[in-house]
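Enquirer: Take a look at run.txt, compact mmCIF, C-alpha atoms:
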# COMPACT_ATOMS: atom_id res chain seq x y z
CA MET A 1 -10.82 84.88 75.65
CA ASN A 2 -11.40 81.25 76.24
CA LYS A 3 -10.61 78.41 73.88
CA GLU A 4 -14.20 77.25 73.61
CA LEU A 5 -15.34 80.63 72.35
CA GLU A 6 -12.48 80.69 69.88
CA HIS A 7 -13.30 77.23 68.69
CA SER A 8 -16.99 77.93 68.10
CA PHE A 9 -16.13 81.17 66.33
CA VAL A 10 -13.60 79.59 63.99
CA GLU A 11 -15.98 76.76 63.22
CA GLN A 12 -18.77 79.12 62.19
CA LEU A 13 -16.47 81.47 60.33
CA GLN A 14 -15.01 78.59 58.38
CA LYS A 15 -18.48 77.50 57.38
CA HIS A 16 -19.59 80.96 56.24
CA GLN A 17 -16.27 82.30 54.95
CA ASN A 18 -17.67 82.81 51.47
CA ILE A 19 -19.60 85.84 52.75
CA ILE A 20 -16.30 87.53 53.59
CA HIS A 21 -14.79 86.45 50.28
CA LYS A 22 -17.71 87.97 48.42
CA VAL A 23 -17.40 91.29 50.28
CA CYS A 24 -13.68 91.29 49.46
CA ARG A 25 -14.41 90.54 45.86
CA LEU A 26 -16.54 93.65 45.50
CA TYR A 27 -14.31 96.01 47.43
CA THR A 28 -10.85 95.02 46.23
CA ASN A 29 -9.08 94.67 42.92
CA ASN A 30 -6.27 92.25 43.50
CA ALA A 31 -5.33 89.18 45.49
CA ASP A 32 -3.22 90.97 48.11
CA ALA A 33 -5.92 93.50 48.84
CA HIS A 34 -8.47 90.70 48.95
CA ASN A 35 -6.45 88.80 51.55
CA ASP A 36 -5.77 91.95 53.53
CA LEU A 37 -9.45 92.86 53.76
CA PHE A 38 -10.34 89.25 54.55
CA GLN A 39 -7.89 89.41 57.42
CA GLU A 40 -9.30 92.68 58.75
CA ILE A 41 -12.92 91.50 58.56
CA THR A 42 -11.93 88.34 60.45
CA ILE A 43 -10.30 90.43 63.20
CA GLN A 44 -13.34 92.71 63.47
CA LEU A 45 -15.69 89.73 63.60
CA TRP A 46 -13.62 88.09 66.30
CA ARG A 47 -13.53 91.27 68.36
CA ALA A 48 -17.27 91.73 68.10
CA TYR A 49 -17.99 88.04 68.71
CA PRO A 50 -18.29 88.21 72.53
CA LYS A 51 -21.15 90.66 71.99
CA PHE A 52 -22.85 88.42 69.43
CA ARG A 53 -25.95 87.25 71.26
CA GLY A 54 -27.36 85.00 68.64
CA GLU A 55 -30.37 87.29 68.17
CA SER A 56 -29.72 87.13 64.48
CA LYS A 57 -28.14 84.38 62.45
CA PHE A 58 -24.35 84.23 62.49
CA SER A 59 -24.36 84.82 58.74
CA THR A 60 -26.64 87.89 59.00
CA TRP A 61 -24.32 89.31 61.63
CA MET A 62 -21.36 88.61 59.34
CA TYR A 63 -22.87 90.68 56.53
CA ARG A 64 -23.12 93.67 58.82
CA VAL A 65 -19.64 93.50 60.33
CA GLY A 66 -18.13 92.59 56.96
CA LEU A 67 -19.67 95.55 55.17
CA ASN A 68 -18.92 97.92 58.04
CA THR A 69 -15.29 96.88 57.87
CA ALA A 70 -15.09 97.26 54.10
CA ILE A 71 -16.91 100.62 54.02
CA THR A 72 -15.76 102.30 57.21
CA LEU A 73 -13.20 100.61 59.41
CA TYR A 74 -10.69 99.24 56.94
CA ARG A 75 -7.60 101.26 56.28
CA LYS A 76 -5.73 100.09 53.25
CA SER A 77 -2.51 98.64 54.52
CA LYS A 78 0.78 99.73 53.08
CA ARG A 79 2.24 96.28 52.82
CA ARG A 80 0.35 95.75 49.57
CA ILE A 81 2.58 96.34 46.60
CA SER A 82 1.70 93.61 44.19
CA THR A 83 -0.78 94.35 41.44
CA GLN A 84 -1.41 90.75 40.54
CA GLU A 85 -4.67 90.23 38.74
CA PHE A 86 -7.01 88.63 41.21
CA ASP A 87 -9.20 86.57 38.93
CA ASN A 88 -6.69 83.83 38.47
CA VAL A 89 -5.34 83.77 41.95
CA GLN A 90 -8.04 84.18 44.51
CA PHE A 91 -10.82 82.21 42.98
CA LYS A 92 -11.62 79.99 40.09
CA ILE A 93 -14.65 80.29 37.92
CA LYS A 94 -16.18 76.90 37.40
CA ALA A 95 -15.97 75.80 33.81
CA GLU A 96 -19.46 75.67 32.44
CA GLU A 97 -20.95 76.03 29.06
CA TYR A 98 -21.90 79.67 28.81
CA ASP A 99 -23.39 81.65 26.08
CA ASP A 100 -20.63 83.92 24.77
CA THR A 101 -22.73 87.04 24.60
CA GLU A 102 -24.05 86.54 28.10
CA GLU A 103 -20.56 85.85 29.38
CA ARG A 104 -19.28 89.06 27.86
CA GLN A 105 -22.17 91.02 29.29
CA LEU A 106 -21.55 89.55 32.75
CA LYS A 107 -17.91 90.53 32.62
CA LEU A 108 -18.89 94.09 31.75
CA LEU A 109 -21.45 94.09 34.55
CA TYR A 110 -18.93 93.01 37.18
CA LYS A 111 -16.59 95.67 35.91
CA ALA A 112 -19.37 98.27 36.13
CA VAL A 113 -20.20 97.27 39.71
CA HIS A 114 -16.55 97.84 40.60
CA GLN A 115 -16.92 101.43 39.43
CA LEU A 116 -19.73 102.17 41.89
CA ASN A 117 -19.01 103.97 45.15
CA ASP A 118 -18.75 102.17 48.50
CA ILE A 119 -22.38 102.65 49.51
CA GLU A 120 -23.74 101.67 46.11
CA LYS A 121 -21.60 98.53 46.18
CA ALA A 122 -23.06 97.63 49.57
CA LEU A 123 -26.58 97.96 48.19
CA VAL A 124 -25.77 95.86 45.16
CA PHE A 125 -24.02 93.25 47.29
CA LEU A 126 -27.00 92.81 49.63
CA TYR A 127 -29.33 92.72 46.64
CA LEU A 128 -27.25 90.04 44.94
CA GLU A 129 -27.29 88.08 48.18
CA ASP A 130 -31.08 88.19 47.98
CA LYS A 131 -31.58 90.32 51.07
CA ASP A 132 -34.90 92.15 51.31
CA TYR A 133 -35.17 95.92 51.58
CA ARG A 134 -35.81 95.72 55.31
CA GLU A 135 -32.47 94.03 55.91
CA ILE A 136 -30.70 96.33 53.45
CA SER A 137 -32.09 99.39 55.22
CA GLU A 138 -31.17 98.05 58.67
CA THR A 139 -27.65 97.15 57.61
CA LEU A 140 -26.98 100.57 56.15
CA GLY A 141 -29.02 102.61 58.64
CA ILE A 142 -31.34 104.21 56.10
CA THR A 143 -35.10 103.91 55.67
CA GLU A 144 -36.61 101.22 53.49
CA VAL A 145 -38.03 103.82 51.11
CA ASN A 146 -34.62 105.42 50.70
CA ALA A 147 -33.04 102.02 50.13
CA ARG A 148 -35.48 101.42 47.26
CA VAL A 149 -34.92 104.89 45.82
CA LYS A 150 -31.16 104.42 45.99
CA MET A 151 -31.39 100.97 44.43
CA ASN A 152 -33.28 102.37 41.45
CA ARG A 153 -30.63 105.05 41.06
CA VAL A 154 -27.92 102.42 41.17
CA LYS A 155 -29.68 100.43 38.45
CA LYS A 156 -29.81 103.55 36.30
CA LYS A 157 -26.17 104.30 37.02
CA LEU A 158 -25.17 100.79 35.98
CA LYS A 159 -27.08 101.23 32.75
CA THR A 160 -25.23 104.48 32.07
CA ILE A 161 -21.87 102.88 32.77
CA LEU A 162 -22.69 100.01 30.43
CA ASN A 163 -24.13 102.17 27.65
CA PRO A 164 -22.33 105.48 27.82
CA MET B 1 -33.75 91.29 31.36
CA ASP B 2 -32.70 93.88 33.91
CA GLU B 3 -28.89 93.98 34.09
CA LEU B 4 -28.89 93.52 37.83
CA GLU B 5 -31.17 90.50 37.56
CA LEU B 6 -28.77 88.90 35.15
CA LEU B 7 -25.95 89.57 37.56
CA LYS B 8 -27.96 88.20 40.47
CA LYS B 9 -28.72 85.01 38.58
CA ASP B 10 -25.03 84.52 37.96
CA TRP B 11 -24.03 85.51 41.49
CA GLN B 12 -26.51 83.09 43.03
CA LYS B 13 -25.20 80.23 40.93
CA GLY B 14 -22.00 80.39 42.92
CA ARG B 15 -19.85 79.76 39.89
CA ILE B 16 -16.92 81.26 41.71
CA GLU B 17 -14.84 78.99 43.86
CA PHE B 18 -13.07 81.03 46.49
CA LYS B 19 -9.97 79.88 48.24
CA SER B 20 -11.20 77.94 51.25
CA TYR B 21 -9.42 78.69 54.52
CA SER B 22 -9.09 75.83 56.96
CA ASP B 23 -9.37 76.12 60.74
CA SER B 24 -5.62 76.23 61.04
CA ASP B 25 -5.51 79.13 58.55
CA ILE B 26 -8.14 81.07 60.51
CA TYR B 27 -6.76 80.68 64.07
CA PRO B 28 -3.62 82.78 63.49
CA MET B 29 -5.71 85.43 61.71
CA LEU B 30 -7.62 86.17 64.92
CA HIS B 31 -4.50 87.35 66.67
CA LYS B 32 -3.04 89.50 63.92
CA LYS B 33 -2.90 93.26 64.32
CA SER B 34 -5.85 95.23 63.07
CA SER B 35 -5.33 98.20 60.77
CA SER B 36 -8.70 99.78 61.46
CA ILE B 37 -9.38 103.49 61.33
CA VAL B 38 -10.66 103.40 64.94
CA LYS B 39 -7.35 102.06 66.15
CA THR B 40 -5.46 104.82 64.36
CA LEU B 41 -7.85 107.41 65.76
CA PHE B 42 -7.30 105.96 69.22
CA TYR B 43 -3.51 106.24 68.93
CA ILE B 44 -3.80 109.79 67.65
CA SER B 45 -5.99 110.80 70.59
CA ILE B 46 -3.59 109.20 73.08
CA GLY B 47 -0.82 111.13 71.33
CA GLU B 48 -2.79 114.36 71.69
CA LEU B 49 -3.38 113.79 75.39
CA VAL B 50 0.26 113.01 76.03
CA PHE B 51 1.50 115.89 73.89
CA TRP B 52 -0.61 118.55 75.60
CA LEU B 53 0.05 117.16 79.06
CA LEU B 54 3.79 117.15 78.40
CA ALA B 55 3.58 120.65 76.96
CA SER B 56 2.14 121.87 80.23
CA VAL B 57 4.29 119.77 82.60
CA LEU B 58 7.72 119.63 80.91
CA PRO B 59 8.67 123.33 81.16
CA TYR B 60 7.95 123.11 84.87
CA VAL B 61 10.11 120.04 85.34
CA LEU B 62 12.97 121.07 83.05
CA SER B 63 13.46 124.77 83.69
CA PRO B 64 14.31 125.90 87.25
CA THR B 65 13.65 129.56 86.37
CA PHE B 66 10.22 128.71 85.03
CA ARG B 67 9.49 126.59 88.08
CA GLU B 68 10.49 129.43 90.38
CA LYS B 69 8.22 131.84 88.55
CA LEU B 70 5.36 129.38 88.50
CA ASP B 71 5.76 128.69 92.21
CA ILE B 72 5.34 132.41 92.86
CA SER B 73 2.27 132.46 90.62
CA TYR B 74 0.79 129.53 92.53
CA GLU B 75 0.45 131.87 95.48
CA ASN B 76 -2.18 133.71 93.47
CA PRO B 77 -5.63 132.12 94.03
CA LEU B 78 -6.75 133.02 90.51
CA PHE B 79 -3.81 131.07 89.06
CA ILE B 80 -4.52 128.05 91.25
CA GLY B 81 -8.19 128.17 90.27
CA LEU B 82 -7.35 128.26 86.55
CA THR B 83 -4.87 125.39 86.88
CA ILE B 84 -7.38 123.22 88.70
CA LEU B 85 -10.05 124.10 86.13
CA SER B 86 -7.79 123.08 83.25
CA TYR B 87 -7.05 119.70 84.88
CA VAL B 88 -10.75 119.11 85.51
CA ILE B 89 -11.44 119.81 81.86
CA ILE B 90 -8.67 117.44 80.76
CA LEU B 91 -10.09 114.68 82.97
CA THR B 92 -13.55 115.31 81.55
CA PHE B 93 -12.13 114.96 78.05
CA ILE B 94 -10.44 111.68 78.93
CA TYR B 95 -13.74 110.38 80.25
CA LEU B 96 -15.69 111.58 77.18
CA LEU B 97 -13.13 110.08 74.86
CA PHE B 98 -13.23 106.77 76.68
CA ARG B 99 -17.03 106.77 76.52
CA SER B 100 -17.19 107.56 72.83
CA TYR B 101 -14.66 104.84 72.00
CA ARG B 102 -16.78 102.35 73.90
CA GLY B 103 -19.73 103.49 71.83
CA ILE B 104 -18.12 102.48 68.54
CA SER B 105 -19.48 99.10 67.51
CA SER B 106 -18.95 97.25 64.25
CA THR B 107 -22.34 95.58 64.70
CA ASP B 108 -24.26 98.85 64.42
CA SER B 109 -25.71 99.93 61.11
CA ALA B 110 -23.23 101.52 58.70
CA LYS B 111 -24.62 104.98 59.36
CA LYS B 112 -24.60 104.64 63.14
CA LEU B 113 -21.05 103.32 63.10
CA MET B 114 -19.92 106.29 61.03
CA GLU B 115 -21.72 108.65 63.37
CA SER B 116 -20.05 107.25 66.47
CA ILE B 117 -16.62 107.51 64.85
CA LEU B 118 -17.34 111.10 63.83
CA ARG B 119 -18.52 111.85 67.37
CA THR B 120 -15.23 110.56 68.74
CA ARG B 121 -13.35 112.70 66.28
CA LYS B 122 -15.40 115.67 67.50
CA VAL B 123 -14.35 115.05 71.12
CA ILE B 124 -10.72 115.06 70.00
CA LYS B 125 -11.36 118.24 68.03
CA TYR B 126 -12.84 120.00 71.05
CA TYR B 127 -9.90 118.87 73.14
CA VAL B 128 -7.53 120.43 70.64
CA ILE B 129 -9.60 123.64 70.49
CA PHE B 130 -9.56 123.77 74.29
CA ASN B 131 -5.78 123.43 74.37
CA LEU B 132 -5.28 126.00 71.66
CA SER B 133 -7.54 128.47 73.49
CA LEU B 134 -5.68 127.77 76.69
CA PHE B 135 -2.44 128.44 74.86
CA PHE B 136 -3.83 131.65 73.42
CA LEU B 137 -5.22 132.78 76.78
CA SER B 138 -2.04 131.93 78.61
CA ILE B 139 -0.22 134.76 76.83
CA PRO B 140 -2.21 137.69 78.30
CA LEU B 141 -2.61 135.78 81.54
CA SER B 142 1.09 135.19 82.01
CA LEU B 143 1.73 138.83 81.20
CA TYR B 144 -0.83 139.77 83.79
CA PHE B 145 0.76 137.56 86.46
CA GLU B 146 4.20 138.78 85.49
CA TYR B 147 2.96 142.34 85.81
CA GLN B 148 1.53 141.56 89.24
CA ASP B 149 4.43 139.59 90.67
CA ASN B 150 7.53 140.91 88.94
CA PRO B 151 8.34 144.49 90.04
CA GLU B 152 10.95 144.91 87.29
CA PHE B 153 8.51 143.98 84.56
CA HIS B 154 5.87 146.13 86.20
CA GLN B 155 8.23 149.10 86.05
CA GLN B 156 9.09 148.44 82.39
CA ILE B 157 5.43 148.39 81.45
CA VAL B 158 4.70 151.56 83.35
CA GLU B 159 7.58 153.33 81.64
CA ALA B 160 6.90 152.01 78.14
CA SER B 161 5.54 154.38 75.53
CA THR B 162 2.26 153.72 73.73
CA THR B 163 4.09 152.79 70.52
CA GLN B 164 6.31 150.34 72.35
CA MET B 165 3.27 148.72 73.96
CA LEU B 166 1.47 148.53 70.65
CA ILE B 167 4.41 146.81 68.97
CA PHE B 168 4.65 144.45 71.90
CA TYR B 169 0.96 143.51 71.60
CA ILE B 170 1.09 143.06 67.84
CA VAL B 171 4.20 140.88 67.94
CA SER B 172 2.72 138.59 70.62
CA ILE B 173 -0.57 138.24 68.77
CA VAL B 174 1.13 137.51 65.43
CA ILE B 175 3.42 134.86 66.96
CA ALA B 176 0.51 133.17 68.74
CA GLY B 177 -1.55 133.36 65.56
CA ILE B 178 1.17 131.72 63.47
CA ILE B 179 1.64 128.89 65.96
CA ILE B 180 -2.10 128.22 66.10
CA LEU B 181 -2.36 128.32 62.31
CA ILE B 182 0.44 125.77 61.93
CA LEU B 183 -1.17 123.46 64.48
CA LEU B 184 -4.59 123.78 62.89
CA LEU B 185 -3.16 123.00 59.47
CA PHE B 186 -1.37 119.99 60.90
CA TYR B 187 -4.62 118.63 62.37
CA ARG B 188 -6.53 119.28 59.18
CA VAL B 189 -4.04 117.26 57.20
CA ILE B 190 -3.94 114.33 59.64
CA TYR B 191 -7.70 113.98 60.09
CA GLY B 192 -8.40 114.97 56.52
CA ILE B 193 -6.40 112.02 55.22
CA LEU B 194 -7.64 109.60 57.85
CA LEU B 195 -11.33 110.40 57.58
CA LYS B 196 -11.61 111.29 53.91
CA ARG B 197 -13.29 108.06 52.90
CA LEU B 198 -15.53 107.96 55.96
CA ASN B 199 -16.73 111.51 55.38
CA ARG B 200 -17.43 110.76 51.74
CA ASN B 201 -19.46 107.66 52.57
CA TYR B 202 -21.30 109.38 55.38
CA LYS B 203 -22.27 112.21 53.06
CA GLU B 204 -23.52 109.66 50.54
CA LEU B 205 -25.81 108.12 53.18
CA LYS B 206 -26.96 111.50 54.47
CA LYS B 207 -27.74 112.65 50.95
CA LEU B 208 -30.46 110.00 50.78
CA GLU B 209 -32.37 111.61 53.61
CA VAL B 210 -32.91 114.89 51.82
Step by step, read the file and then write its structure as structure tokens.

Expert:
Amino acid sequence: MNKELEHSFVEQLQKHQNIIHKVCRLYTNNADAHNDLFQEITIQLWRAYPKFRGESKFSTWMYRVGLNTAITLYRKSKRRISTQEFDNVQFKIKAEEYDDTEERQLKLLYKAVHQLNDIEKALVFLYLEDKDYREISETLGITEVNARVKMNRVKKKLKTILNP
Amino acid sequence: MDELELLKKDWQKGRIEFKSYSDSDIYPMLHKKSSSIVKTLFYISIGELVFWLLASVLPYVLSPTFREKLDISYENPLFIGLTILSYVIILTFIYLLFRSYRGISSTDSAKKLMESILRTRKVIKYYVIFNLSLFFLSIPLSLYFEYQDNPEFHQQIVEASTTQMLIFYIVSIVIAGIIILILLLFYRVIYGILLKRLNRNYKELKKLEV
């Protein structure tokens, strides 16, 4: 593949890399796994790039390939052995004045989201990214009605996890 | 407030600062080896093709006695017909496999991607079933050809008692059965492990349609 293509790809990926980071954050539990999935999503994006026609935005396309990799294509690699806690390593949380109760609730919420299954996580992720139900349904390959139904179930499930 | 809304508010704030990769970090990533499930499936299917082709070609190449026998059998038009048929089927499988791999695209929807991977796995499954049936069929067929072409064997069969024949049949069926069972178990384990997560997620998506 030619250098120009590679250059334009890397440029756009670099700009939107947070999308991949956010997918990795939901689907992995430690820094090594995060990096490993990041790597795999990058490879899958690069492989699919020649077929990217620009019909959708680069970022929209990234959501799809990123989630497909996390849910379906990615095979956990065996080179991961470390169990390092990822919070301190992979990203920093900006220091801001936060209400203690809210902070605690948020922590519990993130933990609860991690307990969801792969499909539920994908729904939550797209919802958090402010995607509408049309895009959610197209990304997952289900109808809009079913996406809404599932989303309501996920909300209920989160409630149950938080208040057992 | 709805829990998810609270989470969304926080998520949108972008309080998290991820490690930012530079261009020079990303370039080498593009050329690293992928560990995707499709790649593994691809290697397994190549392995299957090679294994079954070798299983049919190697005895011919390695054993002169076998070659001699087979050369006699090749004089029988039925045998030639069956051999040609089996190679046509193998070529068809190679084509189907190639086509279904081309159909797998990471830019499809999650469900469609899963379906095309499962379709590929099905092609491999049918290929294995075809080979196992061929293996199973080859036992009575080879006995038939042996009976036709080998006067000694012919004589032995004619002279054998009913009990002897019965034991002979049972033993061949049991041995073939055991071999097939072992192979089937082997495949179950391999694909079971590889596709466990995919099957689970696919079921989860399908469940929504009911």

Enquirer: Just how far from atom CA of Ile20 of chain A is atom CA of Met62 of chain A, in Å to one decimal?

Expert: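 One can read the atom CA of Met62 of chain A to atom CA of Ile20 of chain A distance as 7.7 Å.
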
Enquirer: Find the distance between atom CA of Tyr169 of chain B and atom CA of Tyr126 of chain B and write it in Å to one decimal.

Expert: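 A separation of 27.3 Å between them.
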
Enquirer: Taking into account only C-alpha atoms, which residue in the set B:Gln156, B:Ser34, B:Thr163, B:Asn131 is nearest to chain A?

Expert: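 Closest to chain A, using only C-alpha atoms: B:Ser34.
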
Enquirer: Within 6 Å of chain A, which residues of chain B show up when using only C-alpha atoms, listed as number ranges by chain?

Expert: B: 8, 15-19, 30, 35-37, 106-107, 109-111, 198

Enquirer: Just to confirm, what's the straight-line distance from atom CA of Ile161 of chain A to atom CA of His34 of chain A in Å (one decimal)?

Expert: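 Atom-to-atom, atom CA of Ile161 of chain A to atom CA of His34 of chain A, that is 24.3 Å.
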
Enquirer: Pick the closest to Ser116 of chain B from B:Leu184, B:Leu97, B:Ile129, B:Ile44: which is it, counting all atoms listed in the file?

Expert: B:Leu97

Enquirer: List every protein, DNA or RNA residue that has at least one atom no more than 8 Å from (-11.0, 94.6, 47.8) in the file's coordinates, counting only C-alpha atoms, and write the result as a list in words.

Expert: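 The requested residues, written out, are Val23, Cys24, Arg25, Leu26, Tyr27, Thr28, Asn29, Asn30, Ala33, His34, Leu37 and Ala70 of chain A.
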